[in-house]
file coords36.csv (CSV, C-alpha atoms)
chain,number,residue,atom,x,y,z
S,1,MET,CA,-16.1,-2.2,-21.2
S,2,ALA,CA,-15.2,-1.9,-17.5
S,3,TYR,CA,-12.7,0.7,-16.4
S,4,ARG,CA,-9.3,-1.0,-15.9
S,5,ASN,CA,-7.2,-0.6,-12.8
S,6,PRO,CA,-4.2,-2.4,-11.5
S,7,ILE,CA,-5.0,-5.6,-9.6
S,8,PRO,CA,-4.0,-5.5,-5.9
S,9,THR,CA,-1.9,-8.4,-4.5
S,10,VAL,CA,0.0,-9.0,-1.2
S,11,ASP,CA,3.3,-10.5,-0.6
S,12,ILE,CA,4.5,-11.7,2.8
S,13,ILE,CA,8.1,-11.8,4.0
S,14,ILE,CA,7.8,-14.4,6.7
S,15,GLU,CA,10.6,-14.5,9.4
S,16,LEU,CA,10.9,-17.9,11.2
S,17,ARG,CA,11.6,-16.8,14.7
S,18,ASN,CA,12.3,-20.3,16.0
S,19,ARG,CA,15.4,-20.7,13.9
S,20,ALA,CA,18.8,-19.2,14.1
S,21,GLU,CA,19.1,-15.8,12.4
S,22,SER,CA,15.3,-15.7,11.8
S,23,PRO,CA,15.5,-16.8,8.1
S,24,ILE,CA,12.7,-16.1,5.6
S,25,ILE,CA,10.7,-18.4,3.4
S,26,LEU,CA,10.6,-18.3,-0.4
S,27,ILE,CA,8.4,-20.5,-2.6
S,28,GLU,CA,8.7,-22.1,-6.0
S,29,ARG,CA,5.7,-21.1,-8.0
S,30,GLN,CA,3.3,-23.8,-9.3
S,31,ASN,CA,1.9,-21.5,-12.0
S,32,PRO,CA,3.3,-19.1,-14.5
S,33,PRO,CA,5.5,-17.1,-14.2
S,34,TYR,CA,7.5,-20.1,-13.0
S,35,GLY,CA,10.4,-19.6,-10.6
S,36,TRP,CA,11.0,-18.5,-7.0
S,37,ALA,CA,9.2,-15.8,-5.2
S,38,ILE,CA,8.0,-14.3,-1.9
S,39,PRO,CA,4.8,-16.0,-0.9
S,40,GLY,CA,1.7,-14.0,-1.8
S,41,GLY,CA,-1.3,-13.7,-4.1
S,42,PHE,CA,-4.3,-11.7,-5.1
S,43,VAL,CA,-6.5,-9.7,-2.7
S,44,ASP,CA,-10.1,-11.0,-2.8
S,45,TYR,CA,-13.0,-8.6,-3.0
S,46,GLY,CA,-14.3,-8.1,0.5
S,47,GLU,CA,-11.1,-8.8,2.4
S,48,SER,CA,-8.5,-6.3,3.7
S,49,VAL,CA,-4.9,-6.6,2.6
S,50,GLU,CA,-4.1,-7.8,6.1
S,51,GLN,CA,-6.6,-10.6,5.8
S,52,ALA,CA,-5.3,-11.5,2.4
S,53,ALA,CA,-1.7,-11.7,3.7
S,54,ILE,CA,-2.7,-14.0,6.5
S,55,ARG,CA,-4.8,-16.2,4.2
S,56,GLU,CA,-2.1,-16.4,1.5
S,57,ALA,CA,0.6,-17.3,4.0
S,58,LYS,CA,-1.6,-20.1,5.3
S,59,GLU,CA,-2.4,-21.4,1.8
S,60,GLU,CA,1.1,-21.4,0.4
S,61,VAL,CA,3.3,-22.3,3.4
S,62,SER,CA,0.8,-23.7,5.9
S,63,LEU,CA,1.7,-21.4,8.7
S,64,ASP,CA,-0.3,-19.1,10.9
S,65,VAL,CA,1.7,-15.8,10.6
S,66,THR,CA,1.6,-12.8,12.8
S,67,LEU,CA,1.8,-9.6,10.7
S,68,GLN,CA,4.4,-7.2,12.0
S,69,GLU,CA,4.1,-4.3,9.6
S,70,GLN,CA,3.1,-3.0,6.2
S,71,PHE,CA,6.5,-2.8,4.6
S,72,TYR,CA,6.0,-1.0,1.3
S,73,VAL,CA,3.8,-0.9,-1.8
S,74,TYR,CA,5.3,-1.8,-5.2
S,75,SER,CA,3.3,-0.8,-8.3
S,76,ASP,CA,5.6,-0.4,-11.3
S,77,PRO,CA,3.4,-1.3,-14.3
S,78,ASN,CA,6.1,-3.7,-15.5
S,79,ARG,CA,6.6,-5.6,-12.3
S,80,ASP,CA,4.4,-8.5,-13.3
S,81,PRO,CA,4.6,-10.0,-16.9
S,82,ARG,CA,0.9,-11.0,-16.8
S,83,LYS,CA,-0.8,-7.7,-16.2
S,84,HIS,CA,-0.4,-4.6,-14.1
S,85,THR,CA,-0.5,-5.6,-10.4
S,86,LEU,CA,0.4,-3.7,-7.3
S,87,SER,CA,1.7,-5.5,-4.2
S,88,VAL,CA,1.4,-4.5,-0.6
S,89,VAL,CA,4.3,-6.2,1.0
S,90,PHE,CA,4.1,-7.2,4.7
S,91,ILE,CA,6.7,-8.4,7.1
S,92,ALA,CA,5.4,-11.2,9.3
S,93,THR,CA,6.7,-13.7,11.8
S,94,ALA,CA,5.9,-17.4,12.4
S,95,THR,CA,7.1,-20.4,14.1
S,96,GLY,CA,6.8,-24.1,13.2
S,97,ASN,CA,7.6,-26.0,10.0
S,98,PRO,CA,6.4,-24.5,6.8
S,99,GLN,CA,5.0,-26.9,4.2
S,100,ALA,CA,4.5,-25.9,0.5
S,101,ALA,CA,0.9,-26.1,-0.6
S,102,ASP,CA,-1.6,-24.6,-3.1
S,103,ASP,CA,0.2,-22.3,-5.5
S,104,ALA,CA,3.5,-23.2,-4.0
S,105,LYS,CA,5.3,-26.3,-5.5
S,106,ASN,CA,8.2,-26.1,-3.2
S,107,LEU,CA,9.7,-23.9,-0.6
S,108,SER,CA,13.1,-23.1,0.9
S,109,ILE,CA,14.5,-21.1,3.8
S,110,PHE,CA,17.1,-18.4,3.5
S,111,THR,CA,19.0,-16.3,6.0
S,112,VAL,CA,19.2,-12.6,5.2
S,113,ASP,CA,22.9,-12.9,4.3
S,114,ASN,CA,22.2,-15.6,1.7
S,115,LEU,CA,19.1,-14.3,-0.2
S,116,PRO,CA,18.9,-15.7,-3.7
S,117,GLU,CA,18.5,-13.6,-6.9
S,118,HIS,CA,16.6,-13.9,-10.1
S,119,LEU,CA,13.3,-14.2,-8.4
S,120,CYS,CA,9.9,-13.7,-10.2
S,121,PHE,CA,8.3,-10.2,-10.5
S,122,ASP,CA,10.2,-7.4,-8.8
S,123,HIS,CA,11.0,-9.6,-5.9
S,124,ASP,CA,14.8,-9.1,-6.2
S,125,LYS,CA,14.2,-5.5,-5.5
S,126,VAL,CA,11.8,-6.2,-2.7
S,127,LEU,CA,14.3,-8.4,-1.0
S,128,GLN,CA,17.1,-5.9,-1.5
S,129,ASP,CA,14.9,-3.3,0.2
S,130,TYR,CA,14.0,-5.7,2.9
S,131,ARG,CA,17.6,-6.6,3.6
S,132,ASN,CA,18.6,-2.9,3.8
S,133,TYR,CA,15.7,-2.3,6.2
S,134,ARG,CA,16.4,-5.3,8.4
S,135,LEU,CA,20.2,-4.7,8.6
S,136,ASN,CA,20.3,-0.9,8.4
S,137,GLY,CA,16.8,0.3,9.4
S,138,VAL,CA,16.5,2.1,6.1
S,139,ARG,CA,13.1,2.2,4.4
S,140,PRO,CA,12.6,1.8,0.6
S,141,VAL,CA,13.3,4.9,-1.4
S,142,LEU,CA,10.2,6.5,-2.8
S,143,GLN,CA,10.0,6.3,-6.6
S,144,ARG,CA,8.9,9.7,-7.8
J,1,MET,CA,-17.5,-13.1,-15.3
J,2,ALA,CA,-14.2,-11.5,-14.4
J,3,TYR,CA,-12.6,-12.3,-11.0
J,4,ARG,CA,-13.3,-9.4,-8.7
J,5,ASN,CA,-10.7,-7.6,-6.7
J,6,PRO,CA,-10.7,-4.4,-4.6
J,7,ILE,CA,-10.1,-1.3,-6.7
J,8,PRO,CA,-6.8,0.6,-5.9
J,9,THR,CA,-7.0,4.3,-5.1
J,10,VAL,CA,-4.6,6.9,-3.8
J,11,ASP,CA,-5.1,9.7,-1.3
J,12,ILE,CA,-2.7,12.6,-0.8
J,13,ILE,CA,-2.2,14.5,2.4
J,14,ILE,CA,-0.7,17.7,1.0
J,15,GLU,CA,1.2,19.9,3.5
J,16,LEU,CA,1.5,23.6,2.3
J,17,ARG,CA,5.1,24.4,3.3
J,18,ASN,CA,4.8,28.1,2.5
J,19,ARG,CA,2.2,28.7,5.1
J,20,ALA,CA,2.4,28.9,8.9
J,21,GLU,CA,2.1,25.5,10.5
J,22,SER,CA,2.2,23.7,7.2
J,23,PRO,CA,-1.5,23.2,7.0
J,24,ILE,CA,-3.1,20.5,4.8
J,25,ILE,CA,-5.7,20.7,2.0
J,26,LEU,CA,-9.1,19.0,2.0
J,27,ILE,CA,-11.6,19.0,-0.9
J,28,GLU,CA,-15.3,19.0,-1.2
J,29,ARG,CA,-16.3,16.2,-3.6
J,30,GLN,CA,-18.1,17.0,-6.8
J,31,ASN,CA,-19.5,13.4,-7.1
J,32,PRO,CA,-21.0,10.9,-4.7
J,33,PRO,CA,-20.3,10.3,-2.0
J,34,TYR,CA,-20.7,14.0,-1.3
J,35,GLY,CA,-18.8,15.7,1.4
J,36,TRP,CA,-15.3,16.6,2.4
J,37,ALA,CA,-12.3,14.3,1.8
J,38,ILE,CA,-8.6,14.1,1.4
J,39,PRO,CA,-7.7,14.7,-2.3
J,40,GLY,CA,-7.3,11.4,-4.3
J,41,GLY,CA,-8.8,9.1,-6.8
J,42,PHE,CA,-8.5,5.8,-8.7
J,43,VAL,CA,-5.1,4.4,-9.9
J,44,ASP,CA,-5.1,4.0,-13.7
J,45,TYR,CA,-4.0,0.8,-15.3
J,46,GLY,CA,-0.3,1.4,-16.4
J,47,GLU,CA,0.6,4.0,-13.8
J,48,SER,CA,2.3,3.5,-10.4
J,49,VAL,CA,0.7,4.6,-7.2
J,50,GLU,CA,3.2,7.4,-7.0
J,51,GLN,CA,2.3,8.6,-10.5
J,52,ALA,CA,-1.4,8.4,-9.6
J,53,ALA,CA,-0.8,10.5,-6.5
J,54,ILE,CA,1.0,13.2,-8.4
J,55,ARG,CA,-1.7,13.2,-11.1
J,56,GLU,CA,-4.6,13.3,-8.8
J,57,ALA,CA,-3.1,16.2,-6.7
J,58,LYS,CA,-2.6,18.2,-9.9
J,59,GLU,CA,-6.1,17.5,-11.1
J,60,GLU,CA,-8.0,18.2,-7.9
J,61,VAL,CA,-6.0,21.1,-6.3
J,62,SER,CA,-3.9,22.3,-9.2
J,63,LEU,CA,-0.6,21.9,-7.5
J,64,ASP,CA,2.6,20.1,-8.4
J,65,VAL,CA,3.3,18.1,-5.2
J,66,THR,CA,6.5,16.5,-4.1
J,67,LEU,CA,5.7,13.1,-2.5
J,68,GLN,CA,7.4,12.6,0.8
J,69,GLU,CA,6.5,9.1,1.8
J,70,GLN,CA,4.0,6.3,1.5
J,71,PHE,CA,2.1,6.7,4.7
J,72,TYR,CA,-0.2,3.7,5.0
J,73,VAL,CA,-2.6,1.4,3.1
J,74,TYR,CA,-6.3,1.4,4.2
J,75,SER,CA,-8.4,-1.5,2.8
J,76,ASP,CA,-11.3,-2.2,5.1
J,77,PRO,CA,-14.0,-3.6,2.7
J,78,ASN,CA,-16.5,-1.1,4.2
J,79,ARG,CA,-14.4,2.0,3.8
J,80,ASP,CA,-16.1,3.1,0.6
J,81,PRO,CA,-19.9,2.9,0.2
J,82,ARG,CA,-19.7,2.4,-3.6
J,83,LYS,CA,-17.6,-0.7,-3.7
J,84,HIS,CA,-14.5,-2.2,-2.1
J,85,THR,CA,-11.6,0.1,-2.6
J,86,LEU,CA,-8.2,0.2,-1.0
J,87,SER,CA,-6.2,3.4,-0.6
J,88,VAL,CA,-2.5,4.0,-0.6
J,89,VAL,CA,-2.2,7.2,1.4
J,90,PHE,CA,0.8,9.5,0.7
J,91,ILE,CA,2.2,12.5,2.5
J,92,ALA,CA,3.3,15.2,0.1
J,93,THR,CA,4.4,18.8,0.2
J,94,ALA,CA,3.7,21.7,-2.1
J,95,THR,CA,3.9,25.5,-2.2
J,96,GLY,CA,1.7,27.9,-4.1
J,97,ASN,CA,-2.1,28.5,-4.1
J,98,PRO,CA,-4.3,25.5,-4.5
J,99,GLN,CA,-7.3,25.8,-6.8
J,100,ALA,CA,-10.2,23.3,-6.7
J,101,ALA,CA,-10.8,21.6,-10.1
J,102,ASP,CA,-12.0,18.4,-11.7
J,103,ASP,CA,-13.6,16.2,-9.1
J,104,ALA,CA,-13.1,18.8,-6.4
J,105,LYS,CA,-15.9,21.4,-6.1
J,106,ASN,CA,-14.3,23.4,-3.4
J,107,LEU,CA,-11.2,23.2,-1.1
J,108,SER,CA,-10.2,24.4,2.3
J,109,ILE,CA,-7.0,24.5,4.3
J,110,PHE,CA,-6.7,23.2,7.9
J,111,THR,CA,-3.9,23.2,10.4
J,112,VAL,CA,-3.2,19.9,12.1
J,113,ASP,CA,-4.8,21.2,15.3
J,114,ASN,CA,-8.0,22.1,13.6
J,115,LEU,CA,-8.8,19.1,11.4
J,116,PRO,CA,-12.5,18.6,10.7
J,117,GLU,CA,-14.5,15.5,11.3
J,118,HIS,CA,-17.3,13.6,9.4
J,119,LEU,CA,-15.3,13.3,6.2
J,120,CYS,CA,-16.1,10.8,3.5
J,121,PHE,CA,-14.8,7.3,3.4
J,122,ASP,CA,-12.5,6.4,6.3
J,123,HIS,CA,-10.8,9.7,6.1
J,124,ASP,CA,-11.6,10.6,9.7
J,125,LYS,CA,-9.4,7.7,10.7
J,126,VAL,CA,-6.8,8.5,8.2
J,127,LEU,CA,-6.5,12.0,9.5
J,128,GLN,CA,-6.4,10.8,13.1
J,129,ASP,CA,-3.5,8.5,12.1
J,130,TYR,CA,-1.8,11.3,10.3
J,131,ARG,CA,-2.2,13.7,13.2
J,132,ASN,CA,-0.7,11.1,15.6
J,133,TYR,CA,2.2,10.5,13.2
J,134,ARG,CA,2.9,14.1,12.6
J,135,LEU,CA,2.7,15.2,16.3
J,136,ASN,CA,4.0,12.0,18.0
J,137,GLY,CA,5.9,10.1,15.3
J,138,VAL,CA,3.6,7.1,15.8
J,139,ARG,CA,2.7,5.1,12.7
J,140,PRO,CA,-0.8,3.6,12.3
J,141,VAL,CA,-1.5,0.5,14.2
J,142,LEU,CA,-1.7,-2.6,12.0
J,143,GLN,CA,-5.2,-4.1,11.9
J,144,ARG,CA,-4.8,-7.9,12.2
call {"tool": "encode", "arguments": {"input": "coords36.csv", "output": "structure tokens"}}
result
Amino acid sequence: MAYRNPIPTVDIIIELRNRAESPIILIERQNPPYGWAIPGGFVDYGESVEQAAIREAKEEVSLDVTLQEQFYVYSDPNRDPRKHTLSVVFIATATGNPQAADDAKNLSIFTVDNLPEHLCFDHDKVLQDYRNYRLNGVRPVLQR
Amino acid sequence: MAYRNPIPTVDIIIELRNRAESPIILIERQNPPYGWAIPGGFVDYGESVEQAAIREAKEEVSLDVTLQEQFYVYSDPNRDPRKHTLSVVFIATATGNPQAADDAKNLSIFTVDNLPEHLCFDHDKVLQDYRNYRLNGVRPVLQR
């Protein structure tokens, strides 16, 4: 039996710089768990987390994003109902018109003052952290 | 065949706050690849990266560390000669006398102005980034 480790994923908070208030993109998931989420997916063997973030953004919302920064790593064992995953969350920017594709059934665009709730995974918390960072410059609080 | 992903690890840059210049601890590895490295290890299934960092620090240098921040994620597919790993690097603080144990055969303490080179993995780069952050407040540059 192979030794088990959490599975690494990436999520990408994509700010649309060509629209008023630089809103972000959320996607409706094609596969379980169903619901709305930040675009993202599993990191492939042989690719960096940065490469994975650029690839997943392209696959799910059809945009070439520019990564701005590594935002934070979320790794609570209960964050994903399927199995233990950890997510490296990036902040990225893009212009153009996003189109849902691949694992994304639908997408919608939200300003930072109108972010929805009840997202999949721990994405409510991620978006709260992002909002606090974007509006107040405060980074996520370390969970000890 | 299971789908392959990079394996998540943590590394912990431990600053000894009870010593002049708050030097950091490096360890000599007990297992391949042999050589000196930042303390760290694999993240277990079911533990967060923060829990893994605290556990690995305790196992390898026998100290109870206080995590200060997530520093950066390193995930170049060639960073580890064994297989593709990604590392979430933490900055932590501790007091007391470190003792090498478990996967650490030996340890040594270095001030930030006398950091060694030719470490295992990509730890030369990690320490360069750490030094630049500690001395100049500059975060690692995103690899796009």
call {"tool": "closest_atom_pairs", "arguments": {"input": "coords36.csv", "of": "chain J", "to": "chain S", "cutoff": "7 Å", "atoms": "all atoms listed in the file", "output": "tab-separated table"}}
result
residue	atom	partner	partner_atom	distance
J:Arg4	CA	S:Tyr45	CA	5.8
J:Asn5	CA	S:Tyr45	CA	4.5
J:Pro6	CA	S:Tyr45	CA	5.0
J:Ile7	CA	S:Asn5	CA	6.8
J:Pro8	CA	S:Pro8	CA	6.7
J:Val43	CA	S:Asn5	CA	6.1
J:Asp44	CA	S:Asn5	CA	5.1
J:Tyr45	CA	S:Asn5	CA	4.3
J:Gly46	CA	S:Pro77	CA	5.0
J:Glu47	CA	S:Pro77	CA	6.0
J:Ser48	CA	S:Ser75	CA	4.9
J:Val49	CA	S:Ser75	CA	6.1
J:Glu50	CA	S:Arg144	CA	6.2
J:Glu69	CA	S:Leu142	CA	6.5
J:Ser75	CA	S:Ser48	CA	4.9
J:Asp76	CA	S:Ser48	CA	5.2
J:Pro77	CA	S:Gly46	CA	5.0
J:His84	CA	S:Gly46	CA	6.5
J:Leu142	CA	S:Glu69	CA	6.5
J:Gln143	CA	S:Glu50	CA	7.0
J:Arg144	CA	S:Glu50	CA	6.1
call {"tool": "atom_distance", "arguments": {"input": "coords36.csv", "atom1": "atom CA of Glu15 of chain S", "atom2": "atom CA of Thr95 of chain S"}}
result
8.3 Å
call {"tool": "calpha_fit_and_write", "arguments": {"input": "coords36.csv", "fixed": "chain J", "moving": "chain S", "output": "compact mmCIF listing (two decimals) with C-alpha atoms, in the frame of the given file"}}
result
# COMPACT_ATOMS: atom_id res chain seq x y z
CA MET S 1 -17.51 -13.20 -15.26
CA ALA S 2 -14.17 -11.56 -14.37
CA TYR S 3 -12.58 -12.29 -11.03
CA ARG S 4 -13.33 -9.37 -8.65
CA ASN S 5 -10.70 -7.60 -6.62
CA PRO S 6 -10.70 -4.43 -4.66
CA ILE S 7 -10.07 -1.31 -6.75
CA PRO S 8 -6.83 0.54 -5.85
CA THR S 9 -7.01 4.32 -5.17
CA VAL S 10 -4.55 6.91 -3.73
CA ASP S 11 -5.11 9.67 -1.37
CA ILE S 12 -2.68 12.53 -0.82
CA ILE S 13 -2.21 14.50 2.39
CA ILE S 14 -0.70 17.65 1.00
CA GLU S 15 1.26 19.93 3.46
CA LEU S 16 1.54 23.60 2.29
CA ARG S 17 5.03 24.42 3.34
CA ASN S 18 4.76 28.11 2.50
CA ARG S 19 2.19 28.76 5.18
CA ALA S 20 2.40 28.91 8.89
CA GLU S 21 2.11 25.52 10.61
CA SER S 22 2.22 23.73 7.20
CA PRO S 23 -1.60 23.17 6.97
CA ILE S 24 -3.15 20.48 4.76
CA ILE S 25 -5.71 20.69 2.01
CA LEU S 26 -9.11 18.98 2.01
CA ILE S 27 -11.59 19.04 -0.88
CA GLU S 28 -15.35 19.05 -1.23
CA ARG S 29 -16.29 16.25 -3.51
CA GLN S 30 -18.12 17.01 -6.80
CA ASN S 31 -19.47 13.45 -7.08
CA PRO S 32 -21.05 10.97 -4.77
CA PRO S 33 -20.37 10.29 -1.94
CA TYR S 34 -20.75 14.03 -1.39
CA GLY S 35 -18.85 15.73 1.42
CA TRP S 36 -15.25 16.56 2.38
CA ALA S 37 -12.29 14.39 1.84
CA ILE S 38 -8.52 14.06 1.34
CA PRO S 39 -7.74 14.65 -2.30
CA GLY S 40 -7.28 11.44 -4.27
CA GLY S 41 -8.77 9.08 -6.84
CA PHE S 42 -8.43 5.86 -8.72
CA VAL S 43 -5.12 4.37 -9.91
CA ASP S 44 -5.13 4.01 -13.72
CA TYR S 45 -3.92 0.84 -15.36
CA GLY S 46 -0.33 1.38 -16.38
CA GLU S 47 0.61 3.98 -13.78
CA SER S 48 2.33 3.46 -10.40
CA VAL S 49 0.63 4.63 -7.24
CA GLU S 50 3.22 7.39 -7.06
CA GLN S 51 2.28 8.61 -10.49
CA ALA S 52 -1.37 8.43 -9.64
CA ALA S 53 -0.85 10.52 -6.47
CA ILE S 54 0.98 13.20 -8.38
CA ARG S 55 -1.62 13.25 -11.17
CA GLU S 56 -4.59 13.33 -8.76
CA ALA S 57 -3.10 16.15 -6.72
CA LYS S 58 -2.63 18.15 -9.90
CA GLU S 59 -6.18 17.46 -11.13
CA GLU S 60 -8.02 18.22 -7.93
CA VAL S 61 -6.00 21.06 -6.34
CA SER S 62 -3.86 22.29 -9.23
CA LEU S 63 -0.57 21.91 -7.49
CA ASP S 64 2.63 20.16 -8.38
CA VAL S 65 3.30 18.08 -5.18
CA THR S 66 6.47 16.49 -4.05
CA LEU S 67 5.75 13.05 -2.51
CA GLN S 68 7.43 12.61 0.84
CA GLU S 69 6.41 9.11 1.81
CA GLN S 70 3.98 6.24 1.49
CA PHE S 71 2.05 6.72 4.68
CA TYR S 72 -0.18 3.67 5.02
CA VAL S 73 -2.61 1.45 3.11
CA TYR S 74 -6.29 1.35 4.14
CA SER S 75 -8.40 -1.53 2.78
CA ASP S 76 -11.34 -2.22 5.08
CA PRO S 77 -14.06 -3.58 2.74
CA ASN S 78 -16.51 -1.06 4.21
CA ARG S 79 -14.41 2.03 3.83
CA ASP S 80 -16.07 3.16 0.63
CA PRO S 81 -19.95 2.97 0.24
CA ARG S 82 -19.64 2.42 -3.54
CA LYS S 83 -17.56 -0.71 -3.72
CA HIS S 84 -14.52 -2.23 -2.09
CA THR S 85 -11.53 0.09 -2.65
CA LEU S 86 -8.13 0.16 -1.08
CA SER S 87 -6.21 3.43 -0.69
CA VAL S 88 -2.50 3.99 -0.59
CA VAL S 89 -2.17 7.17 1.31
CA PHE S 90 0.84 9.46 0.66
CA ILE S 91 2.14 12.45 2.50
CA ALA S 92 3.28 15.17 0.12
CA THR S 93 4.38 18.77 0.22
CA ALA S 94 3.64 21.76 -2.06
CA THR S 95 3.84 25.40 -2.24
CA GLY S 96 1.65 27.96 -4.04
CA ASN S 97 -2.12 28.50 -4.07
CA PRO S 98 -4.25 25.48 -4.49
CA GLN S 99 -7.31 25.83 -6.73
CA ALA S 100 -10.21 23.28 -6.72
CA ALA S 101 -10.70 21.60 -10.06
CA ASP S 102 -11.99 18.36 -11.67
CA ASP S 103 -13.59 16.16 -9.04
CA ALA S 104 -13.10 18.79 -6.44
CA LYS S 105 -15.95 21.42 -6.08
CA ASN S 106 -14.25 23.32 -3.39
CA LEU S 107 -11.29 23.17 -1.14
CA SER S 108 -10.17 24.44 2.26
CA ILE S 109 -7.00 24.54 4.33
CA PHE S 110 -6.66 23.19 7.82
CA THR S 111 -3.89 23.23 10.39
CA VAL S 112 -3.23 19.92 12.13
CA ASP S 113 -4.76 21.22 15.38
CA ASN S 114 -8.05 22.09 13.65
CA LEU S 115 -8.77 19.04 11.40
CA PRO S 116 -12.46 18.66 10.68
CA GLU S 117 -14.50 15.44 11.24
CA HIS S 118 -17.22 13.63 9.43
CA LEU S 119 -15.25 13.31 6.28
CA CYS S 120 -16.14 10.85 3.42
CA PHE S 121 -14.81 7.22 3.43
CA ASP S 122 -12.50 6.35 6.30
CA HIS S 123 -10.84 9.68 6.08
CA ASP S 124 -11.54 10.60 9.74
CA LYS S 125 -9.42 7.70 10.69
CA VAL S 126 -6.76 8.52 8.18
CA LEU S 127 -6.46 12.00 9.51
CA GLN S 128 -6.41 10.81 13.10
CA ASP S 129 -3.51 8.53 12.17
CA TYR S 130 -1.83 11.28 10.31
CA ARG S 131 -2.12 13.70 13.20
CA ASN S 132 -0.69 11.12 15.65
CA TYR S 133 2.20 10.51 13.23
CA ARG S 134 2.93 14.16 12.59
CA LEU S 135 2.73 15.21 16.29
CA ASN S 136 3.99 12.04 17.97
CA GLY S 137 5.92 10.12 15.27
CA VAL S 138 3.66 7.15 15.79
CA ARG S 139 2.71 5.05 12.77
CA PRO S 140 -0.82 3.61 12.20
CA VAL S 141 -1.56 0.49 14.15
CA LEU S 142 -1.72 -2.61 12.02
CA GLN S 143 -5.22 -4.10 11.81
CA ARG S 144 -4.83 -7.82 12.24
call {"tool": "residues_around", "arguments": {"input": "coords36.csv", "residues": "Pro39 of chain J", "least_positions_apart": "3", "cutoff": "7 Å", "atoms": "all atoms listed in the file", "output": "compact mmCIF listing (two decimals) with C-alpha atoms, keeping the file's coordinate frame"}}
result
# COMPACT_ATOMS: atom_id res chain seq x y z
CA ASP J 11 -5.10 9.70 -1.30
CA ILE J 12 -2.70 12.60 -0.80
CA LEU J 26 -9.10 19.00 2.00
CA ILE J 27 -11.60 19.00 -0.90
CA ALA J 57 -3.10 16.20 -6.70
CA GLU J 60 -8.00 18.20 -7.90
call {"tool": "residues_around", "arguments": {"input": "coords36.csv", "residues": "segment 115-125 of chain S", "least_positions_apart": "5", "cutoff": "7 Å", "atoms": "only C-alpha atoms", "output": "ChimeraX atom specification"}}
result
/S:33,35-38,79-80,110
call {"tool": "closest_residue", "arguments": {"input": "coords36.csv", "among": "J:Glu28, J:Glu21, J:Glu56, J:Asp102", "to": "Phe90 of chain J", "atoms": "only C-alpha atoms"}}
result
J:Glu56
call {"tool": "residues_around", "arguments": {"input": "coords36.csv", "residues": "Pro23 of chain S", "least_positions_apart": "3", "cutoff": "8 Å", "atoms": "only C-alpha atoms", "output": "list in words"}}
result
Glu15, Leu16, Arg17, Arg19, Ala20, Ile109, Phe110, Thr111 and Val112 of chain S
call {"tool": "closest_residue", "arguments": {"input": "coords36.csv", "among": "S:Leu107, S:Val65, S:Val10, S:Ala94", "to": "Ala52 of chain S", "atoms": "all atoms listed in the file"}}
result
S:Val10
call {"tool": "atom_distance", "arguments": {"input": "coords36.csv", "atom1": "atom CA of Gly96 of chain S", "atom2": "atom CA of Tyr133 of chain S"}}
result
24.6 Å
